Amino acid sequence: MDLRSGRFDGQMTDKAASFSSSIEFDKRIFDADIKCNKAHTTMLMEQGIIPKVAGEKILKALDKLNNEGISALNLDPSFEDIHMALEDYVTREIGDEAGFMHTGKSRNDQVATDIRLTLKEEIISTMQNVKNFINTILDMAENNESTLFIAYTHLQHAQPTTFGHHLMSYANLLLRDYQRFEDALKRVDMNPLGSAALTTTGFPIDRLRTTELLGFSKVMENSIDGVSNRDFIAEAIFDYAMLSSTLGKFSEEIVIWSTYEFGIVECSNEYSSTSSIMPQKKNPDIAELARGKSTIAYGELMTVLSIIKAIPHSYNRDLQEITPHLWNAVDTSNDILEIVHGMVSTLTFNKDRASKLAGANFSTVTELADVMVRECKLPFRSAHKIVGRLVSDCIKNNLTAIDITSEMIDNISNEIINKPLNLNNEIVNKALDPLENVKSRTVIGGCAPEAVDREINSLRKIIN
Ligand code: ARG
């Protein structure tokens with residue numbers, strides 16, 4: 001089957017042929033290309049555009065190819081792409097009548113259709129995997145609603161929370177990742193087939209029928225738009241990049257938490273490596289690689305946006321360069337998702353260490369300042385000043401939060417606001433207790449076990 005013989009004498013150089021061939025990464029759209037050709041051929045027959053006998057032979061050959069798989073194609077790069085290799089197969093099977101298949105169809109609308117069909121399946125499968133990961137996190141959070149944990153700002157001790165509360169921040173982030181895919185799907189799930197090269201065709205094709213046969217939600221209303229635009233790809237890559245970012249952040253925290261200094265979690269052996277020289281080492285290589293690989297989708301997004309920028313309407317061959325970057329972003333992000341899900345669900349959490357850290361380094365004193373506002377009707381700024389001085393004095397005298405007494409508070413308040421606060425020691429101790437701190441934060445989004453429990457239940461309802 002030779003596409004060139006009509007227009008040209010002579011072939012491309014081998015270098016030019018392999019430079020321009022998309023065969024290698026077109027393998028990804030093999031199944032979709034069969035579906036697309038079957039739907040188009042069926043519609044052509046139904047509309048009486050091609051002879052029924054020829055159409056039936058074409059459909060039979062396509063079914064045969066579907067059974068035999070991609071290895072039945074001649075994937076020589078002298079075929080520009082999979083569409084030509086597929087037509088070559090059908091021609092070898094049934095002879096010249098195969099040529100009817102390309103009536104009112106172009107590779108331009110065909111490739112756009114194939115990518116959309118394939119990407120749709122990819123996104124649906126990624127969404128399912130994100131959902132599974134969210135469910136794992138919800139179960140872990142439920143088991144850790146009262147497990148003390150330290151929350152950081154600036155990577156410095158900030159306030160006590162629970163491991164459940166911290167985990168739920170990831171569940172919410174992943175929920176938005178999920179919803180972004182759900183939203184992008186609306187713009188991927190559109191049928192460009194029938195746009196043909198760029199202006200449709202004079203044949204009375206039925207684009208709604210192919211839309212139905214291919215299971216698309218809607219038809220693309222403008223044929224130039226149909227063949228030219230890859231905004232749906234940039235949007236999908238962004239969503240994969242954002243998912244990667246979520247997973248990279250989680251991985252980064254696991255790297256930090258698993259250091260000797262933090263000692264909050266330990267990765268299971270299945271997700272750890274050792275050193276070739278230091279026999280004692282247990283390294284979180286999988287988390288590090290997940291963090292490192294999470295940048296790949298960002299790069300692919302920039303590449304695709306750069307290719308899209310300023311190519312004129314309608315089809316330009318540059319568009320072919322976009323697709324491999326899409327699949328690389330999809331595959332890398334899916335790999336990271338699978339590995340991070342496995343790593344997180346097999347983490348060992350050190351409750352004693354986390355509980356010790358939760359109350360250390362004056363993490364509870366925001367609550368002490370709040371108590372002064374509540375009990376003594378002190379403006380928060382004054383309370384902040386008194387407690388700041390208190391912490392500074394404690395550090396000078398080698399004391400910790402549990403050593404703070406009502407008397408110490410009054411000495412400072414006498415100096416700063418010229419009066420004692422007369423808080424009793426029971427109130428002071430309660431304010432400085434990490435678990436009591438946590439329990440007091442019952443408002444929406446708070447870290448109190450009951451608030452986290454509500455959050456878990458509401459997210460469970462949304463996701464399932
Ligand atoms: N391999 C091409 C792509 O991926 C298919 C369309 C080719 N169209 C053309 N006019 N050469 O974009």
# chains A, B, ... in the order shown; residues from 1 in each chain; ligands from 1
>>> select_by_dssp(residues="segment 148-249 of chain A", states="strand (DSSP E or B)", output="NGL selection string")
:A and (148-153 or 156-162 or 190-191 or 218-219)
>>> residues_near_ligand(ligand="ligand 1", cutoff="7 Å", atoms="only C-alpha atoms and all ligand atoms", output="list in words")
Ser21, Ser22, Glu80, Asp81, Arg107, Asn108, Val111, Arg317, Leu319 and Gln320 of chain A
>>> atom_distance(atom1="atom CA of Gln128 of chain A", atom2="atom CA of Gln110 of chain A")
27.6 Å
>>> residues_around(residues="segment 170-177 of chain A", least_positions_apart="6", cutoff="8 Å", atoms="only C-alpha atoms", output="PDB file with all heavy atoms, in the first residue's frame")
ATOM      1  N   VAL A 130      -6.984   6.767  42.186  1.00  0.00           N
ATOM      2  CA  VAL A 130      -6.937   7.856  43.172  1.00  0.00           C
ATOM      3  C   VAL A 130      -7.975   7.576  44.265  1.00  0.00           C
ATOM      4  O   VAL A 130      -7.707   7.718  45.464  1.00  0.00           O
ATOM      5  CB  VAL A 130      -7.214   9.232  42.510  1.00  0.00           C
ATOM      6  CG1 VAL A 130      -7.334  10.330  43.562  1.00  0.00           C
ATOM      7  CG2 VAL A 130      -6.112   9.589  41.512  1.00  0.00           C
ATOM      8  N   LYS A 131      -9.133   7.142  43.818  1.00  0.00           N
ATOM      9  CA  LYS A 131     -10.214   6.826  44.764  1.00  0.00           C
ATOM     10  C   LYS A 131      -9.784   5.718  45.732  1.00  0.00           C
ATOM     11  O   LYS A 131     -10.014   5.815  46.944  1.00  0.00           O
ATOM     12  CB  LYS A 131     -11.433   6.396  43.945  1.00  0.00           C
ATOM     13  CG  LYS A 131     -12.693   6.233  44.726  1.00  0.00           C
ATOM     14  CD  LYS A 131     -13.842   6.097  43.730  1.00  0.00           C
ATOM     15  CE  LYS A 131     -14.933   5.241  44.306  1.00  0.00           C
ATOM     16  NZ  LYS A 131     -16.088   5.164  43.402  1.00  0.00           N
ATOM     17  N   ILE A 134      -7.486   7.214  48.244  1.00  0.00           N
ATOM     18  CA  ILE A 134      -8.235   8.018  49.226  1.00  0.00           C
ATOM     19  C   ILE A 134      -8.873   7.087  50.258  1.00  0.00           C
ATOM     20  O   ILE A 134      -8.811   7.348  51.460  1.00  0.00           O
ATOM     21  CB  ILE A 134      -9.312   8.895  48.532  1.00  0.00           C
ATOM     22  CG1 ILE A 134      -8.648   9.973  47.662  1.00  0.00           C
ATOM     23  CG2 ILE A 134     -10.230   9.555  49.572  1.00  0.00           C
ATOM     24  CD1 ILE A 134      -9.619  10.816  46.849  1.00  0.00           C
ATOM     25  N   ILE A 137      -6.407   5.999  52.758  1.00  0.00           N
ATOM     26  CA  ILE A 137      -6.085   7.089  53.692  1.00  0.00           C
ATOM     27  C   ILE A 137      -7.225   7.285  54.698  1.00  0.00           C
ATOM     28  O   ILE A 137      -6.981   7.509  55.887  1.00  0.00           O
ATOM     29  CB  ILE A 137      -5.786   8.395  52.921  1.00  0.00           C
ATOM     30  CG1 ILE A 137      -4.508   8.221  52.095  1.00  0.00           C
ATOM     31  CG2 ILE A 137      -5.642   9.577  53.870  1.00  0.00           C
ATOM     32  CD1 ILE A 137      -4.174   9.407  51.216  1.00  0.00           C
ATOM     33  N   LEU A 138      -8.461   7.180  54.218  1.00  0.00           N
ATOM     34  CA  LEU A 138      -9.603   7.338  55.133  1.00  0.00           C
ATOM     35  C   LEU A 138      -9.558   6.274  56.234  1.00  0.00           C
ATOM     36  O   LEU A 138      -9.789   6.588  57.411  1.00  0.00           O
ATOM     37  CB  LEU A 138     -10.927   7.239  54.359  1.00  0.00           C
ATOM     38  CG  LEU A 138     -11.249   8.400  53.414  1.00  0.00           C
ATOM     39  CD1 LEU A 138     -12.515   8.103  52.615  1.00  0.00           C
ATOM     40  CD2 LEU A 138     -11.419   9.705  54.176  1.00  0.00           C
ATOM     41  N   ASP A 239      -3.505  18.089  35.093  1.00  0.00           N
ATOM     42  CA  ASP A 239      -4.133  17.310  36.172  1.00  0.00           C
ATOM     43  C   ASP A 239      -3.197  16.200  36.661  1.00  0.00           C
ATOM     44  O   ASP A 239      -3.110  15.938  37.858  1.00  0.00           O
ATOM     45  CB  ASP A 239      -5.467  16.727  35.707  1.00  0.00           C
ATOM     46  CG  ASP A 239      -6.503  17.823  35.448  1.00  0.00           C
ATOM     47  OD1 ASP A 239      -6.215  18.994  35.767  1.00  0.00           O
ATOM     48  OD2 ASP A 239      -7.581  17.508  34.929  1.00  0.00           O
ATOM     49  N   MET A 242      -0.490  17.890  38.681  1.00  0.00           N
ATOM     50  CA  MET A 242      -0.977  18.278  40.013  1.00  0.00           C
ATOM     51  C   MET A 242      -1.083  17.048  40.923  1.00  0.00           C
ATOM     52  O   MET A 242      -0.717  17.115  42.108  1.00  0.00           O
ATOM     53  CB  MET A 242      -2.354  18.942  39.844  1.00  0.00           C
ATOM     54  CG  MET A 242      -2.705  19.942  40.903  1.00  0.00           C
ATOM     55  SD  MET A 242      -1.500  21.252  41.081  1.00  0.00           S
ATOM     56  CE  MET A 242      -1.187  21.107  42.820  1.00  0.00           C
ATOM     57  N   LEU A 243      -1.542  15.940  40.364  1.00  0.00           N
ATOM     58  CA  LEU A 243      -1.581  14.688  41.137  1.00  0.00           C
ATOM     59  C   LEU A 243      -0.161  14.296  41.549  1.00  0.00           C
ATOM     60  O   LEU A 243       0.086  13.936  42.704  1.00  0.00           O
ATOM     61  CB  LEU A 243      -2.223  13.578  40.294  1.00  0.00           C
ATOM     62  CG  LEU A 243      -2.148  12.158  40.879  1.00  0.00           C
ATOM     63  CD1 LEU A 243      -2.941  12.052  42.186  1.00  0.00           C
ATOM     64  CD2 LEU A 243      -2.676  11.122  39.877  1.00  0.00           C
ATOM     65  N   THR A 246       0.951  16.324  44.479  1.00  0.00           N
ATOM     66  CA  THR A 246       0.403  15.811  45.742  1.00  0.00           C
ATOM     67  C   THR A 246       1.231  14.626  46.234  1.00  0.00           C
ATOM     68  O   THR A 246       1.611  14.557  47.409  1.00  0.00           O
ATOM     69  CB  THR A 246      -1.053  15.312  45.527  1.00  0.00           C
ATOM     70  OG1 THR A 246      -1.821  16.378  44.980  1.00  0.00           O
ATOM     71  CG2 THR A 246      -1.678  14.824  46.818  1.00  0.00           C
ATOM     72  N   PHE A 250       3.738  14.205  49.602  1.00  0.00           N
ATOM     73  CA  PHE A 250       3.579  13.113  50.574  1.00  0.00           C
ATOM     74  C   PHE A 250       4.908  12.358  50.706  1.00  0.00           C
ATOM     75  O   PHE A 250       5.374  12.066  51.820  1.00  0.00           O
ATOM     76  CB  PHE A 250       2.461  12.162  50.107  1.00  0.00           C
ATOM     77  CG  PHE A 250       1.704  11.469  51.219  1.00  0.00           C
ATOM     78  CD1 PHE A 250       0.419  10.967  50.991  1.00  0.00           C
ATOM     79  CD2 PHE A 250       2.259  11.309  52.476  1.00  0.00           C
ATOM     80  CE1 PHE A 250      -0.295  10.329  52.003  1.00  0.00           C
ATOM     81  CE2 PHE A 250       1.545  10.665  53.500  1.00  0.00           C
ATOM     82  CZ  PHE A 250       0.279  10.173  53.260  1.00  0.00           C
ATOM     83  N   LEU A 459     -16.199  12.889  53.606  1.00  0.00           N
ATOM     84  CA  LEU A 459     -15.402  12.570  52.412  1.00  0.00           C
ATOM     85  C   LEU A 459     -15.738  11.168  51.884  1.00  0.00           C
ATOM     86  O   LEU A 459     -15.786  10.938  50.677  1.00  0.00           O
ATOM     87  CB  LEU A 459     -13.920  12.682  52.745  1.00  0.00           C
ATOM     88  CG  LEU A 459     -13.052  13.133  51.573  1.00  0.00           C
ATOM     89  CD1 LEU A 459     -11.806  13.831  52.057  1.00  0.00           C
ATOM     90  CD2 LEU A 459     -12.677  11.983  50.686  1.00  0.00           C
ATOM     91  N   ILE A 463     -16.816  10.436  48.016  1.00  0.00           N
ATOM     92  CA  ILE A 463     -15.987   9.615  47.122  1.00  0.00           C
ATOM     93  C   ILE A 463     -16.660   8.304  46.752  1.00  0.00           C
ATOM     94  O   ILE A 463     -16.445   7.768  45.662  1.00  0.00           O
ATOM     95  CB  ILE A 463     -14.578   9.396  47.746  1.00  0.00           C
ATOM     96  CG1 ILE A 463     -13.593   8.949  46.669  1.00  0.00           C
ATOM     97  CG2 ILE A 463     -14.560   8.434  48.892  1.00  0.00           C
ATOM     98  CD1 ILE A 463     -13.130  10.055  45.781  1.00  0.00           C
TER      99      ILE A 463
END
>>> residues_around(residues="Gly446 of chain A", least_positions_apart="2", cutoff="12 Å", atoms="only C-alpha atoms", output="list in words")
Glu145, Pro160, Thr161, Thr162, Gly164, His165, His166, Met168, Ser169, Asn437, Val438, Lys439, Ser440, Arg441, Thr442, Val443, Ile444, Ala448, Pro449, Glu450, Ala451, Val452, Asp453, Arg454, Glu455 and Ile456 of chain A
>>> decode(residues="segment 321-342 of chain A", atoms="N, CA, C and O atoms", output="compact mmCIF listing (two decimals), in the first residue's frame")
# COMPACT_ATOMS: atom_id res chain seq x y z
N GLU A 321 3.89 15.67 17.75
CA GLU A 321 4.93 15.68 18.79
C GLU A 321 4.34 15.73 20.19
O GLU A 321 5.03 15.47 21.18
N ILE A 322 3.07 16.13 20.28
CA ILE A 322 2.46 16.32 21.60
C ILE A 322 2.19 14.99 22.30
O ILE A 322 2.42 14.82 23.50
N THR A 323 1.71 14.03 21.50
CA THR A 323 1.17 12.81 22.09
C THR A 323 2.15 12.02 22.98
O THR A 323 1.76 11.62 24.08
N PRO A 324 3.41 11.81 22.55
CA PRO A 324 4.31 11.05 23.44
C PRO A 324 4.50 11.72 24.80
O PRO A 324 4.66 11.02 25.81
N HIS A 325 4.43 13.04 24.82
CA HIS A 325 4.58 13.73 26.12
C HIS A 325 3.37 13.48 27.00
O HIS A 325 3.48 13.37 28.22
N LEU A 326 2.20 13.39 26.36
CA LEU A 326 1.00 13.06 27.13
C LEU A 326 1.16 11.70 27.79
O LEU A 326 0.97 11.56 29.00
N TRP A 327 1.54 10.69 26.98
CA TRP A 327 1.61 9.33 27.55
C TRP A 327 2.70 9.24 28.63
O TRP A 327 2.54 8.52 29.62
N ASN A 328 3.77 9.98 28.43
CA ASN A 328 4.83 9.94 29.45
C ASN A 328 4.33 10.53 30.77
O ASN A 328 4.61 9.99 31.85
N ALA A 329 3.58 11.62 30.67
CA ALA A 329 3.02 12.22 31.89
C ALA A 329 2.03 11.26 32.56
O ALA A 329 2.05 11.07 33.77
N VAL A 330 1.19 10.65 31.74
CA VAL A 330 0.18 9.72 32.27
C VAL A 330 0.86 8.53 32.95
O VAL A 330 0.57 8.18 34.09
N ASP A 331 1.82 7.92 32.23
CA ASP A 331 2.44 6.69 32.75
C ASP A 331 3.27 6.96 34.01
O ASP A 331 3.20 6.19 34.97
N THR A 332 4.04 8.05 33.98
CA THR A 332 4.88 8.33 35.15
C THR A 332 4.00 8.62 36.36
O THR A 332 4.24 8.11 37.45
N SER A 333 2.95 9.41 36.16
CA SER A 333 2.08 9.76 37.29
C SER A 333 1.37 8.52 37.82
O SER A 333 1.24 8.35 39.04
N ASN A 334 0.92 7.64 36.91
CA ASN A 334 0.27 6.41 37.36
C ASN A 334 1.23 5.53 38.16
O ASN A 334 0.84 4.94 39.17
N ASP A 335 2.47 5.46 37.70
CA ASP A 335 3.49 4.67 38.43
C ASP A 335 3.69 5.24 39.83
O ASP A 335 3.75 4.49 40.81
N ILE A 336 3.79 6.56 39.91
CA ILE A 336 4.02 7.19 41.22
C ILE A 336 2.82 6.91 42.13
O ILE A 336 2.99 6.56 43.30
N LEU A 337 1.63 7.04 41.55
CA LEU A 337 0.42 6.81 42.36
C LEU A 337 0.42 5.41 42.95
O LEU A 337 0.18 5.21 44.15
N GLU A 338 0.72 4.43 42.12
CA GLU A 338 0.70 3.04 42.58
C GLU A 338 1.75 2.82 43.68
O GLU A 338 1.46 2.21 44.72
N ILE A 339 2.94 3.36 43.45
CA ILE A 339 4.04 3.08 44.39
C ILE A 339 3.82 3.83 45.71
O ILE A 339 4.06 3.29 46.79
N VAL A 340 3.32 5.06 45.64
CA VAL A 340 3.11 5.83 46.87
C VAL A 340 1.96 5.21 47.68
O VAL A 340 2.03 5.12 48.90
N HIS A 341 0.95 4.76 46.97
CA HIS A 341 -0.16 4.09 47.66
C HIS A 341 0.37 2.87 48.43
O HIS A 341 0.09 2.69 49.62
N GLY A 342 1.18 2.06 47.77
CA GLY A 342 1.75 0.88 48.41
C GLY A 342 2.64 1.25 49.59
O GLY A 342 2.56 0.65 50.67
